[in-house]
$ cat query-v6.txt   # compact mmCIF, C-alpha atoms
# COMPACT_ATOMS: atom_id res chain seq x y z
CA MET A 1000 -70.65 -52.26 -73.54
CA ASP A 1001 -69.64 -48.57 -73.25
CA ALA A 1002 -69.18 -46.44 -70.15
CA ALA A 1003 -72.71 -45.06 -70.30
CA ASP A 1004 -74.24 -48.56 -70.41
CA THR A 1005 -72.08 -49.68 -67.49
CA ALA A 1006 -73.06 -46.66 -65.45
CA ALA A 1007 -76.74 -47.15 -66.27
CA ASP A 1008 -76.64 -50.77 -65.12
CA ALA A 1009 -74.93 -49.73 -61.93
CA ALA A 1010 -77.51 -47.03 -61.37
CA THR A 1011 -80.27 -49.59 -61.73
CA ALA A 1012 -78.64 -51.60 -58.96
CA ALA A 1013 -79.13 -48.58 -56.70
CA ASP A 1014 -82.85 -49.38 -56.78
CA ALA A 1015 -82.12 -52.00 -54.15
CA ASP A 1016 -78.88 -50.68 -52.69
CA PRO A 1017 -77.69 -47.14 -53.42
CA ALA A 1018 -74.20 -48.04 -52.20
CA ALA A 1019 -73.92 -50.40 -55.17
CA PHE A 1020 -73.55 -47.43 -57.51
CA ALA A 1021 -70.78 -45.19 -56.17
CA PRO A 1022 -68.35 -44.86 -59.07
CA ALA A 1023 -67.42 -41.25 -58.42
CA ALA A 1024 -66.50 -41.79 -54.79
CA ALA A 1025 -63.98 -44.47 -55.54
CA ALA A 1026 -62.40 -42.95 -58.66
CA PRO A 1027 -60.45 -46.22 -59.14
CA GLU A 1028 -56.83 -45.50 -58.34
CA ALA A 1029 -55.64 -47.94 -60.97
CA ALA A 1030 -57.48 -45.98 -63.66
CA LEU A 1031 -55.61 -42.84 -62.61
CA ALA A 1032 -52.25 -44.66 -62.65
CA LEU A 1033 -51.39 -43.44 -59.15
CA THR A 1034 -48.10 -44.23 -57.52
CA GLU A 1035 -48.01 -45.78 -54.07
CA GLU A 1036 -46.97 -42.42 -52.63
CA GLN A 1037 -49.93 -40.71 -54.30
CA ARG A 1038 -52.31 -43.35 -52.96
CA LYS A 1039 -50.93 -42.70 -49.48
CA ILE A 1040 -51.45 -38.95 -49.89
CA ARG A 1041 -55.06 -39.52 -50.95
CA ARG A 1042 -55.89 -41.94 -48.12
CA THR A 1043 -54.27 -39.81 -45.43
CA LEU A 1044 -55.86 -36.60 -46.62
CA ARG A 1045 -59.28 -38.20 -46.97
CA ASP A 1046 -59.09 -39.47 -43.38
CA VAL A 1047 -58.10 -36.06 -42.01
CA LEU A 1048 -60.83 -34.25 -43.92
CA ALA A 1049 -63.42 -36.79 -42.82
CA GLU A 1050 -62.61 -35.89 -39.22
CA ARG A 1051 -62.64 -32.12 -39.54
CA THR A 1052 -64.99 -31.18 -42.39
CA GLY A 1053 -68.68 -31.43 -43.20
CA PRO A 1054 -71.58 -29.01 -43.71
CA GLU A 1055 -71.65 -27.88 -40.06
CA GLU A 1056 -67.88 -27.80 -39.62
CA ASN A 1057 -67.40 -25.87 -42.85
CA HIS A 1058 -70.06 -23.34 -41.88
CA ALA A 1059 -68.36 -22.76 -38.52
CA ALA A 1060 -64.97 -22.39 -40.20
CA THR A 1061 -66.19 -19.79 -42.70
CA ALA A 1062 -67.62 -17.71 -39.84
CA THR A 1063 -64.18 -17.22 -38.28
CA PRO A 1064 -62.14 -14.06 -38.96
CA GLU A 1065 -59.78 -16.13 -41.13
CA GLY A 1066 -62.57 -17.76 -43.12
CA TYR A 1067 -61.17 -21.25 -42.49
CA ASP A 1068 -60.19 -23.55 -39.62
CA PRO A 1069 -56.62 -22.54 -38.61
CA GLU A 1070 -56.05 -25.80 -36.75
CA LEU A 1071 -57.04 -27.85 -39.79
CA TRP A 1072 -54.80 -25.72 -42.02
CA ALA A 1073 -51.88 -26.20 -39.63
CA ARG A 1074 -52.39 -29.93 -39.84
CA LEU A 1075 -52.80 -29.98 -43.62
CA SER A 1076 -49.76 -27.82 -44.29
CA GLY A 1077 -47.42 -28.35 -41.35
CA THR A 1078 -48.08 -32.04 -40.68
CA LEU A 1079 -49.14 -33.36 -44.09
CA GLY A 1080 -47.10 -30.91 -46.17
CA LEU A 1081 -50.00 -30.01 -48.45
CA ALA A 1082 -48.89 -26.44 -49.13
CA GLY A 1083 -45.47 -27.57 -50.30
CA LEU A 1084 -46.37 -30.64 -52.35
CA ALA A 1085 -45.42 -29.06 -55.68
CA LEU A 1086 -42.79 -26.59 -54.43
CA PRO A 1087 -39.03 -27.17 -54.79
CA ALA A 1088 -37.37 -29.54 -52.36
CA GLU A 1089 -34.53 -27.08 -51.75
CA TYR A 1090 -36.94 -24.90 -49.75
CA GLY A 1091 -38.48 -27.82 -47.87
CA GLY A 1092 -41.19 -28.65 -50.37
CA GLY A 1093 -42.13 -32.05 -51.70
CA GLY A 1094 -41.08 -31.38 -55.29
CA HIS A 1095 -43.80 -33.75 -56.52
CA GLY A 1096 -45.18 -31.66 -59.35
CA PRO A 1097 -48.75 -30.74 -60.33
CA ALA A 1098 -50.20 -34.27 -60.32
CA ALA A 1099 -49.74 -34.74 -56.56
CA LEU A 1100 -51.21 -31.32 -55.79
CA ALA A 1101 -54.15 -32.01 -58.11
CA LEU A 1102 -54.83 -35.19 -56.18
CA ALA A 1103 -54.89 -33.21 -52.94
CA CYS A 1104 -57.16 -30.58 -54.47
CA GLU A 1105 -59.61 -33.26 -55.57
CA GLU A 1106 -59.91 -34.39 -51.95
CA THR A 1107 -60.40 -30.86 -50.58
CA GLY A 1108 -62.96 -30.30 -53.33
CA ARG A 1109 -64.92 -33.39 -52.28
CA THR A 1110 -65.57 -31.84 -48.88
CA LEU A 1111 -65.65 -28.19 -50.01
CA ALA A 1112 -63.11 -27.63 -47.24
CA PRO A 1113 -62.35 -23.91 -46.77
CA SER A 1114 -58.59 -23.35 -46.61
CA PRO A 1115 -55.85 -21.01 -47.90
CA LEU A 1116 -54.60 -23.76 -50.24
CA LEU A 1117 -55.82 -22.13 -53.47
CA ALA A 1118 -54.77 -18.57 -52.70
CA THR A 1119 -51.45 -19.48 -51.06
CA ALA A 1120 -50.07 -22.64 -52.66
CA VAL A 1121 -51.72 -22.50 -56.09
CA LEU A 1122 -51.78 -18.80 -56.97
CA ALA A 1123 -49.13 -17.01 -54.89
CA ALA A 1124 -46.31 -19.47 -54.16
CA PRO A 1125 -45.59 -20.32 -57.84
CA LEU A 1126 -45.15 -16.62 -58.58
CA ILE A 1127 -42.67 -16.26 -55.73
CA ALA A 1128 -40.81 -19.32 -57.00
CA ALA A 1129 -40.78 -18.07 -60.59
CA LEU A 1130 -40.02 -14.37 -60.11
CA GLY A 1131 -38.62 -13.87 -56.61
CA THR A 1132 -35.01 -12.99 -55.92
CA PRO A 1133 -32.94 -15.72 -54.24
CA ALA A 1134 -33.35 -13.87 -50.94
CA GLN A 1135 -37.13 -13.57 -51.35
CA ARG A 1136 -37.51 -17.24 -52.22
CA ALA A 1137 -35.31 -18.34 -49.32
CA GLU A 1138 -37.29 -16.19 -46.90
CA LEU A 1139 -40.86 -16.75 -48.07
CA LEU A 1140 -41.17 -20.25 -49.56
CA PRO A 1141 -40.19 -22.20 -46.42
CA ARG A 1142 -42.83 -20.25 -44.48
CA VAL A 1143 -45.45 -21.02 -47.13
CA ILE A 1144 -44.49 -24.68 -47.02
CA ASP A 1145 -44.73 -25.02 -43.23
CA GLY A 1146 -48.06 -23.19 -43.18
CA SER A 1147 -46.92 -20.19 -41.15
CA LEU A 1148 -47.39 -17.75 -44.06
CA THR A 1149 -50.61 -17.33 -46.01
CA CYS A 1150 -50.71 -15.30 -49.22
CA ALA A 1151 -53.17 -13.72 -51.63
CA LEU A 1152 -52.89 -12.53 -55.21
CA ALA A 1153 -54.51 -9.14 -55.76
CA VAL A 1154 -55.28 -7.79 -59.23
CA PRO A 1155 -57.32 -4.66 -60.01
CA GLY A 1156 -60.87 -4.51 -61.22
CA GLY A 1157 -61.78 -8.10 -60.38
CA SER A 1158 -59.90 -9.19 -63.52
CA LEU A 1159 -58.29 -12.30 -62.06
CA ALA A 1160 -59.23 -14.58 -64.97
CA LEU A 1161 -57.75 -12.13 -67.50
CA ALA A 1162 -54.64 -11.44 -65.41
CA LEU A 1163 -53.98 -15.18 -65.32
CA GLY A 1164 -54.52 -15.47 -69.07
CA LEU A 1165 -57.44 -17.87 -68.68
CA THR A 1166 -60.10 -15.96 -70.62
CA GLY A 1167 -57.94 -13.76 -72.82
CA ASP A 1168 -54.43 -12.64 -73.67
CA ASN A 1169 -53.10 -10.83 -70.58
CA THR A 1170 -50.60 -8.94 -72.75
CA ALA A 1171 -53.25 -7.46 -75.03
CA GLU A 1172 -55.31 -5.51 -72.51
CA ASP A 1173 -54.28 -2.93 -69.90
CA TRP A 1174 -56.08 -4.72 -67.08
CA SER A 1175 -53.63 -3.43 -64.44
CA GLY A 1176 -54.25 0.25 -65.18
CA GLY A 1177 -52.42 1.12 -68.35
CA GLY A 1178 -51.25 4.47 -67.04
CA ARG A 1179 -54.81 5.77 -66.91
CA ALA A 1180 -57.18 6.28 -64.02
CA GLY A 1181 -58.28 3.06 -62.44
CA GLY A 1182 -56.36 -0.10 -61.79
CA ILE A 1183 -53.46 -0.04 -59.35
CA GLN A 1184 -50.58 2.34 -59.93
CA ALA A 1185 -47.06 1.88 -58.56
CA ARG A 1186 -44.49 4.61 -58.17
CA ALA A 1187 -40.89 4.40 -57.06
CA VAL A 1188 -40.05 6.72 -54.17
CA SER A 1189 -36.35 5.99 -53.64
CA GLY A 1190 -33.50 5.00 -55.90
CA ASP A 1191 -34.55 2.68 -58.68
CA GLY A 1192 -37.40 1.13 -56.69
CA ALA A 1193 -35.59 -2.17 -56.26
CA VAL A 1194 -35.12 -1.86 -52.50
CA PRO A 1195 -37.68 -2.79 -49.83
CA GLY A 1196 -39.98 0.14 -49.14
CA GLY A 1197 -38.98 1.79 -52.41
CA TRP A 1198 -42.44 1.62 -53.96
CA ARG A 1199 -45.89 2.93 -53.13
CA LEU A 1200 -49.15 1.51 -54.47
CA TYR A 1201 -52.40 3.36 -55.08
CA GLY A 1202 -55.65 1.81 -56.28
CA GLU A 1203 -58.18 -0.89 -55.56
CA ALA A 1204 -58.38 -4.65 -56.04
CA ALA A 1205 -61.68 -6.50 -55.80
CA GLN A 1206 -62.53 -10.16 -55.26
CA VAL A 1207 -59.14 -10.99 -53.76
CA LEU A 1208 -59.30 -14.59 -52.54
CA ASP A 1209 -58.35 -14.67 -48.84
CA GLY A 1210 -57.41 -11.00 -49.14
CA HIS A 1211 -59.02 -10.19 -45.80
CA SER A 1212 -56.68 -12.43 -43.82
CA ALA A 1213 -53.55 -13.22 -45.85
CA ASP A 1214 -50.22 -12.41 -44.21
CA LEU A 1215 -48.62 -11.48 -47.53
CA LEU A 1216 -50.23 -9.82 -50.54
CA ILE A 1217 -48.85 -10.12 -54.05
CA VAL A 1218 -50.25 -7.12 -55.89
CA ALA A 1219 -50.24 -6.62 -59.66
CA ALA A 1220 -49.76 -2.95 -60.44
CA HIS A 1221 -48.99 -0.76 -63.43
CA THR A 1222 -46.00 1.53 -63.53
CA GLY A 1223 -43.98 3.59 -65.97
CA GLY A 1224 -46.85 5.66 -67.40
CA PHE A 1225 -46.84 5.69 -71.19
CA ALA A 1226 -43.08 5.96 -71.55
CA ARG A 1227 -42.16 2.63 -69.91
CA SER A 1228 -45.57 1.09 -69.51
CA ARG A 1229 -45.41 -2.28 -67.75
CA THR A 1230 -47.10 -4.47 -65.16
CA LEU A 1231 -45.06 -5.61 -62.15
CA LEU A 1232 -45.79 -7.63 -59.04
CA PHE A 1233 -45.23 -6.24 -55.56
CA LEU A 1234 -45.11 -7.70 -52.06
CA VAL A 1235 -47.18 -6.04 -49.35
CA ARG A 1236 -46.16 -7.54 -46.04
CA GLY A 1237 -48.47 -7.86 -43.08
CA ARG A 1238 -47.51 -6.31 -39.75
CA ASP A 1239 -48.78 -6.81 -36.22
CA ASP A 1240 -50.00 -3.22 -36.10
CA GLY A 1241 -51.64 -3.40 -39.52
CA ILE A 1242 -50.44 -2.12 -42.87
CA PRO A 1243 -50.43 1.67 -43.25
CA GLY A 1244 -52.43 2.79 -46.24
CA LEU A 1245 -54.26 -0.54 -46.68
CA VAL A 1246 -57.95 -1.11 -45.99
CA ARG A 1247 -59.35 -4.63 -46.26
CA ASN A 1248 -63.09 -5.15 -46.63
CA ARG A 1249 -64.29 -8.73 -46.54
CA GLY A 1250 -67.04 -9.19 -49.09
CA THR A 1251 -70.17 -11.31 -49.22
CA ALA A 1252 -69.25 -14.39 -51.20
CA LEU A 1253 -71.59 -16.53 -53.26
CA ASP A 1254 -69.63 -19.53 -51.98
CA LEU A 1255 -68.72 -18.99 -48.33
CA THR A 1256 -65.82 -21.43 -48.65
CA ARG A 1257 -64.25 -19.02 -51.19
CA PRO A 1258 -63.96 -15.87 -49.04
CA HIS A 1259 -62.70 -12.76 -50.78
CA ALA A 1260 -62.10 -9.12 -50.02
CA THR A 1261 -61.77 -5.70 -51.60
CA LEU A 1262 -58.41 -4.04 -50.93
CA GLU A 1263 -57.99 -0.28 -50.95
CA LEU A 1264 -54.38 0.81 -51.32
CA ARG A 1265 -53.56 4.43 -50.51
CA ASP A 1266 -49.80 4.99 -50.92
CA THR A 1267 -49.20 1.57 -49.42
CA GLU A 1268 -45.57 0.58 -48.91
CA ALA A 1269 -44.52 -2.30 -51.14
CA GLU A 1270 -41.49 -4.25 -52.28
CA LEU A 1271 -40.86 -5.32 -55.85
CA LEU A 1272 -41.15 -9.08 -56.36
CA GLY A 1273 -37.98 -10.13 -58.14
CA GLU A 1274 -35.95 -7.81 -60.30
CA GLU A 1275 -36.42 -6.04 -63.60
CA PRO A 1276 -36.55 -7.03 -66.36
CA ALA A 1277 -38.87 -9.95 -65.74
CA ASP A 1278 -41.58 -11.73 -67.73
CA VAL A 1279 -44.32 -10.95 -65.24
CA LEU A 1280 -47.20 -11.51 -67.66
CA GLY A 1281 -45.74 -14.81 -68.82
CA ALA A 1282 -45.36 -15.97 -65.21
CA LEU A 1283 -48.96 -14.99 -64.45
CA ALA A 1284 -50.23 -16.91 -67.49
CA ALA A 1285 -48.21 -20.03 -66.63
CA THR A 1286 -49.48 -19.85 -63.06
CA GLY A 1287 -53.02 -19.45 -64.37
CA ARG A 1288 -52.85 -22.57 -66.53
CA THR A 1289 -51.53 -24.60 -63.62
CA ALA A 1290 -54.14 -23.09 -61.30
CA ALA A 1291 -56.82 -24.14 -63.81
CA VAL A 1292 -55.74 -27.77 -63.32
CA MET A 1293 -56.04 -27.47 -59.54
CA LEU A 1294 -59.42 -25.77 -59.80
CA ALA A 1295 -60.54 -28.51 -62.18
CA ALA A 1296 -59.39 -31.14 -59.69
CA GLU A 1297 -61.38 -29.44 -56.93
CA ALA A 1298 -64.43 -29.30 -59.18
CA VAL A 1299 -64.05 -32.97 -60.13
CA GLY A 1300 -63.87 -33.92 -56.45
CA ALA A 1301 -66.93 -31.82 -55.68
CA ALA A 1302 -68.82 -33.26 -58.67
CA GLY A 1303 -68.00 -36.79 -57.54
CA ALA A 1304 -69.29 -36.06 -54.05
CA ALA A 1305 -72.44 -34.39 -55.42
CA LEU A 1306 -73.05 -37.44 -57.62
CA ASP A 1307 -72.69 -39.77 -54.65
CA ARG A 1308 -75.29 -37.80 -52.72
CA ALA A 1309 -77.66 -37.71 -55.68
CA ILE A 1310 -77.40 -41.49 -55.96
CA ALA A 1311 -78.13 -41.83 -52.26
CA GLY A 1312 -81.24 -39.73 -52.83
CA LEU A 1313 -82.62 -42.53 -55.03
CA GLY A 1314 -82.36 -45.15 -52.29
CA PRO A 1315 -85.52 -46.88 -51.02
CA ALA A 1316 -85.56 -44.92 -47.76
CA ALA A 1317 -85.35 -41.61 -49.59
CA ARG A 1318 -88.10 -42.10 -52.19
CA PRO A 1319 -91.34 -43.34 -50.64
CA GLY A 1320 -94.14 -43.25 -53.17
CA ARG A 1321 -91.99 -42.01 -56.03
CA PRO A 1322 -93.21 -43.19 -59.49
CA ALA A 1323 -91.13 -45.90 -61.15
CA GLY A 1324 -90.87 -43.91 -64.39
CA SER A 1325 -89.42 -40.95 -62.52
CA LEU A 1326 -86.82 -43.19 -60.89
CA GLN A 1327 -85.76 -44.67 -64.21
CA ALA A 1328 -85.38 -41.23 -65.76
CA ALA A 1329 -83.28 -40.08 -62.79
CA ARG A 1330 -81.05 -43.17 -63.03
CA SER A 1331 -80.48 -42.52 -66.72
CA THR A 1332 -79.56 -38.91 -66.02
CA LEU A 1333 -77.12 -39.95 -63.29
CA ALA A 1334 -75.48 -42.40 -65.68
CA ASP A 1335 -74.90 -39.56 -68.14
CA LEU A 1336 -73.54 -37.37 -65.36
CA TYR A 1337 -71.17 -40.13 -64.27
CA VAL A 1338 -69.67 -40.15 -67.77
CA ARG A 1339 -69.29 -36.36 -67.67
CA VAL A 1340 -67.55 -36.43 -64.30
CA GLU A 1341 -65.16 -39.18 -65.40
CA ALA A 1342 -64.39 -37.33 -68.64
CA ALA A 1343 -63.56 -34.22 -66.62
CA ARG A 1344 -61.38 -36.27 -64.27
CA SER A 1345 -59.46 -37.77 -67.20
CA LEU A 1346 -58.89 -34.34 -68.77
CA THR A 1347 -57.73 -32.97 -65.44
CA TYR A 1348 -55.10 -35.61 -64.78
CA CYS A 1349 -53.90 -35.58 -68.37
CA ALA A 1350 -53.30 -31.85 -67.98
CA ALA A 1351 -51.64 -32.35 -64.59
CA ARG A 1352 -49.13 -34.72 -66.18
CA GLU A 1353 -48.17 -32.39 -69.03
CA HIS A 1354 -44.49 -31.49 -69.14
CA GLY A 1355 -43.25 -27.95 -68.85
CA PRO A 1356 -44.66 -24.90 -67.04
CA GLY A 1357 -48.31 -24.02 -67.46
CA PRO A 1358 -50.16 -27.05 -68.85
CA GLU A 1359 -52.09 -26.10 -71.97
CA GLY A 1360 -54.89 -28.51 -71.08
CA GLY A 1361 -55.67 -26.74 -67.80
CA PRO A 1362 -58.33 -24.25 -68.99
CA LEU A 1363 -60.12 -26.90 -71.06
CA ALA A 1364 -60.17 -29.30 -68.10
CA LEU A 1365 -61.52 -26.53 -65.89
CA ALA A 1366 -64.34 -25.75 -68.30
CA GLN A 1367 -65.34 -29.41 -68.45
CA ALA A 1368 -65.12 -29.86 -64.69
CA LEU A 1369 -67.16 -26.76 -63.83
CA GLU A 1370 -69.93 -27.79 -66.20
CA ALA A 1371 -69.93 -31.33 -64.78
CA LEU A 1372 -70.14 -29.96 -61.24
CA SER A 1373 -72.94 -27.54 -62.10
CA ALA A 1374 -74.98 -30.24 -63.84
CA THR A 1375 -74.43 -32.83 -61.12
CA ALA A 1376 -75.25 -30.45 -58.28
CA GLY A 1377 -78.34 -29.24 -60.13
CA GLU A 1378 -79.57 -32.82 -60.52
CA GLY A 1379 -78.92 -33.37 -56.81
CA VAL A 1380 -81.15 -30.41 -55.97
CA ARG A 1381 -83.90 -31.85 -58.19
CA ILE A 1382 -83.66 -35.36 -56.77
CA HIS A 1383 -83.64 -34.38 -53.11
CA GLY A 1384 -86.40 -31.81 -53.38
CA GLY A 1385 -86.81 -28.51 -51.61
CA GLY A 1386 -86.16 -28.05 -47.92
CA THR A 1387 -84.29 -31.29 -47.26
CA ALA A 1388 -80.76 -31.57 -45.89
CA GLY A 1389 -79.69 -33.25 -49.13
CA GLU A 1390 -81.05 -30.37 -51.19
CA ARG A 1391 -79.21 -27.81 -49.04
CA GLU A 1392 -75.97 -29.75 -49.41
CA ALA A 1393 -76.44 -29.99 -53.19
CA ARG A 1394 -76.85 -26.22 -53.30
CA HIS A 1395 -73.46 -25.81 -51.63
CA PHE A 1396 -71.90 -27.74 -54.52
CA TYR A 1397 -73.84 -25.67 -57.04
CA ARG A 1398 -72.64 -22.44 -55.46
CA ARG A 1399 -69.04 -23.63 -55.72
CA ALA A 1400 -69.44 -24.15 -59.47
CA ALA A 1401 -71.14 -20.78 -59.94
CA SER A 1402 -68.55 -18.98 -57.82
CA ASP A 1403 -65.60 -20.46 -59.69
CA GLU A 1404 -67.17 -19.57 -63.03
CA LEU A 1405 -67.55 -15.97 -61.90
CA LEU A 1406 -63.94 -15.79 -60.69
CA PHE A 1407 -62.14 -17.85 -63.35
CA GLY A 1408 -64.51 -18.30 -66.28
CA PRO A 1409 -67.07 -18.58 -67.72
CA ALA A 1410 -66.60 -22.03 -69.22
CA ARG A 1411 -67.24 -20.91 -72.80
CA ARG A 1412 -64.46 -18.32 -72.56
CA LEU A 1413 -62.10 -20.84 -71.00
CA ARG A 1414 -62.71 -23.10 -73.99
CA ALA A 1415 -62.33 -20.27 -76.48
CA ARG A 1416 -59.00 -19.18 -74.99
CA ALA A 1417 -57.72 -22.77 -74.88
CA ALA A 1418 -58.63 -23.21 -78.54
CA GLU A 1419 -56.93 -19.91 -79.39
CA ARG A 1420 -53.71 -20.84 -77.58
CA THR A 1421 -53.46 -24.31 -79.08
CA GLY A 1422 -54.36 -23.15 -82.58
CA LEU A 1423 -57.38 -25.41 -82.82
CA PHE A 1424 -59.09 -23.04 -85.26
CA GLY A 1425 -56.09 -21.18 -86.64
CA GLU A 1426 -52.76 -19.78 -85.58
CA VAL A 1427 -51.35 -20.51 -82.14
CA ALA A 1428 -51.74 -17.53 -79.78
CA ALA A 1429 -49.08 -16.11 -77.52

$ encode --input "query-v6.txt" --output "structure tokens"
Amino acid sequence: MDAADTAADAATAADADPAAFAPAAAAPEAALALTEEQRKIRRTLRDVLAERTGPEENHAATATPEGYDPELWARLSGTLGLAGLALPAEYGGGGHGPAALALACEETGRTLAPSPLLATAVLAAPLIAALGTPAQRAELLPRVIDGSLTCALAVPGGSLALALGLTGDNTAEDWSGGGRAGGIQARAVSGDGAVPGGWRLYGEAAQVLDGHSADLLIVAAHTGGFARSRTLLFLVRGRDDGIPGLVRNRGTALDLTRPHATLELRDTEAELLGEEPADVLGALAATGRTAAVMLAAEAVGAAGAALDRAIAGLGPAARPGRPAGSLQAARSTLADLYVRVEAARSLTYCAAREHGPGPEGGPLALAQALEALSATAGEGVRIHGGGTAGEREARHFYRRAASDELLFGPARRLRARAAERTGLFGEVAA
């Protein structure tokens, strides 16, 4: 009997007891080959999130100036060490690697918990660790790890997916400005530009995750004109009295748990991240492939939760007068969706366990996970029907999938880039 048959039989059991078919909620730990420490991380995090998250709690958190619950973030990062799970132990991090962080992201994805985890620990901190000077790493990483410093990665033109190398080669296109109008331009104003305050930034970055509230901005900007054309990363540090030359405009997000902002930089003081020469584009691409794994883990967690709620919508109390044929068709669809979610979960954790920086399987896992989430949430909307609490909750999951595709995809381009990099249809790309 294959996985689809097993899932279909379990779905049939939901006719009498919807709790009998809850494969996605459990995600058997043995099947994921989790260590005892990883099981403890999952259980502890699930308990904390159960206390502090839910549709009402998440809505209240997104309405705050920060866009998340600061008390919950302090507990997740400072007490549970979530922000530092994959960061080096020498700075106070856990040093556990991507698999442990993916496990945590799956749990935050299950509840759609708004937090700075993605922007700070997944996108910004790895760049500081990879490119920062010893002094920058020693100053910034411990503050990221203890939760006292939140960060955001800002790239011009809303080109985050390209900058991270997820949907194309970030060395082949002048997405940061290319010396022409547009993008973000950096100019050195003292010495060689390697000292704090020695650079000024001018331009605009859109769709910057947590850009409205982050304490530290990592800004990708173009410098050197045509003679020494290159993209560098710069630190823009927050101050109590604001940042001269910086305007932050919080935008209207499709998914309220993914708040973003447009940043206007007008001769904004900045500090070079690291030293030249540096492989900035390579570091961005490696960070992007790892980030794809974490996004996939979030999507898998969300898809599992959406599947659980869809199954509950087929319970006897939720379907008075529903035709038997309709129920059987819905159970068959849910069985297929269960297989899709589990396939996405397997791809995600295989990628998380890859050796070396920037797992190649990340973009492919993300494509699979986003499609599984979109399909599962869409089925949840259909099963629950319009106007119900279940339908509204299913729409939250659907918006997460759509939002992540807009920011990091779409799925077809993620697959195409993954195939290009791995040489599936020809030569291996850079």

$ residues_around --input "query-v6.txt" --residues "A:Glu1065" --least-positions-apart "4" --cutoff "10 Å" --atoms "only C-alpha atoms" --output "list in words"
Ala1060, Thr1061, Pro1069, Pro1113, Ser1114, Pro1115, Asp1209, Gly1210, His1211, Ser1212, Ala1213 and Pro1258 of chain A

$ atom_distance --input "query-v6.txt" --atom1 "atom CA of A:Glu1070" --atom2 "atom CA of A:Asp1239"
20.3 Å

$ closest_residue --input "query-v6.txt" --among "A:Ser1175, A:Thr1043, A:Gln1327, A:Thr1166" --to "A:Ala1410" --atoms "all atoms listed in the file"
A:Thr1166

$ residues_around --input "query-v6.txt" --residues "A:Val1121" --least-positions-apart "2" --cutoff "8 Å" --atoms "only C-alpha atoms" --output "compact mmCIF listing (two decimals) with C-alpha atoms, in the coordinates of the input"
# COMPACT_ATOMS: atom_id res chain seq x y z
CA LEU A 1116 -54.60 -23.76 -50.24
CA LEU A 1117 -55.82 -22.13 -53.47
CA ALA A 1118 -54.77 -18.57 -52.70
CA THR A 1119 -51.45 -19.48 -51.06
CA ALA A 1123 -49.13 -17.01 -54.89
CA ALA A 1124 -46.31 -19.47 -54.16
CA PRO A 1125 -45.59 -20.32 -57.84
CA THR A 1286 -49.48 -19.85 -63.06
CA THR A 1289 -51.53 -24.60 -63.62
CA ALA A 1290 -54.14 -23.09 -61.30
CA MET A 1293 -56.04 -27.47 -59.54

$ closest_residue --input "query-v6.txt" --among "A:Ala1260, A:Val1292, A:Ala1062, A:Leu1372" --to "A:Cys1349" --atoms "only C-alpha atoms"
A:Val1292

$ residues_around --input "query-v6.txt" --residues "A:Arg1051" --least-positions-apart "4" --cutoff "12 Å" --atoms "all atoms listed in the file" --output "list of chain:residue names"
A:Leu1044, A:Arg1045, A:Asp1046, A:Val1047, A:Glu1055, A:Glu1056, A:Asn1057, A:His1058, A:Ala1059, A:Ala1060, A:Tyr1067, A:Asp1068, A:Pro1069, A:Glu1070, A:Leu1071, A:Trp1072, A:Arg1074, A:Leu1075, A:Thr1107, A:Thr1110, A:Leu1111, A:Ala1112, A:Pro1113, A:Ser1114

$ residues_around --input "query-v6.txt" --residues "stretch 1140-1155 of chain A" --least-positions-apart "6" --cutoff "7 Å" --atoms "all atoms listed in the file" --output "PyMOL selection string"
chain A and resi 1073+1076-1077+1080+1082-1083+1090-1092+1115+1118-1119+1122-1124+1175+1182-1183+1203-1205+1207-1210+1213-1219

$ write_last_selection --input "query-v6.txt" --atoms "C-alpha atoms" --output "mmCIF file, in the frame of the given file"
data_model
loop_
_atom_site.group_PDB
_atom_site.id
_atom_site.type_symbol
_atom_site.label_atom_id
_atom_site.label_comp_id
_atom_site.auth_asym_id
_atom_site.auth_seq_id
_atom_site.Cartn_x
_atom_site.Cartn_y
_atom_site.Cartn_z
ATOM 1 C CA ALA A 1073 -51.880 -26.200 -39.630
ATOM 2 C CA SER A 1076 -49.760 -27.820 -44.290
ATOM 3 C CA GLY A 1077 -47.420 -28.350 -41.350
ATOM 4 C CA GLY A 1080 -47.100 -30.910 -46.170
ATOM 5 C CA ALA A 1082 -48.890 -26.440 -49.130
ATOM 6 C CA GLY A 1083 -45.470 -27.570 -50.300
ATOM 7 C CA TYR A 1090 -36.940 -24.900 -49.750
ATOM 8 C CA GLY A 1091 -38.480 -27.820 -47.870
ATOM 9 C CA GLY A 1092 -41.190 -28.650 -50.370
ATOM 10 C CA PRO A 1115 -55.850 -21.010 -47.900
ATOM 11 C CA ALA A 1118 -54.770 -18.570 -52.700
ATOM 12 C CA THR A 1119 -51.450 -19.480 -51.060
ATOM 13 C CA LEU A 1122 -51.780 -18.800 -56.970
ATOM 14 C CA ALA A 1123 -49.130 -17.010 -54.890
ATOM 15 C CA ALA A 1124 -46.310 -19.470 -54.160
ATOM 16 C CA SER A 1175 -53.630 -3.430 -64.440
ATOM 17 C CA GLY A 1182 -56.360 -0.100 -61.790
ATOM 18 C CA ILE A 1183 -53.460 -0.040 -59.350
ATOM 19 C CA GLU A 1203 -58.180 -0.890 -55.560
ATOM 20 C CA ALA A 1204 -58.380 -4.650 -56.040
ATOM 21 C CA ALA A 1205 -61.680 -6.500 -55.800
ATOM 22 C CA VAL A 1207 -59.140 -10.990 -53.760
ATOM 23 C CA LEU A 1208 -59.300 -14.590 -52.540
ATOM 24 C CA ASP A 1209 -58.350 -14.670 -48.840
ATOM 25 C CA GLY A 1210 -57.410 -11.000 -49.140
ATOM 26 C CA ALA A 1213 -53.550 -13.220 -45.850
ATOM 27 C CA ASP A 1214 -50.220 -12.410 -44.210
ATOM 28 C CA LEU A 1215 -48.620 -11.480 -47.530
ATOM 29 C CA LEU A 1216 -50.230 -9.820 -50.540
ATOM 30 C CA ILE A 1217 -48.850 -10.120 -54.050
ATOM 31 C CA VAL A 1218 -50.250 -7.120 -55.890
ATOM 32 C CA ALA A 1219 -50.240 -6.620 -59.660
#
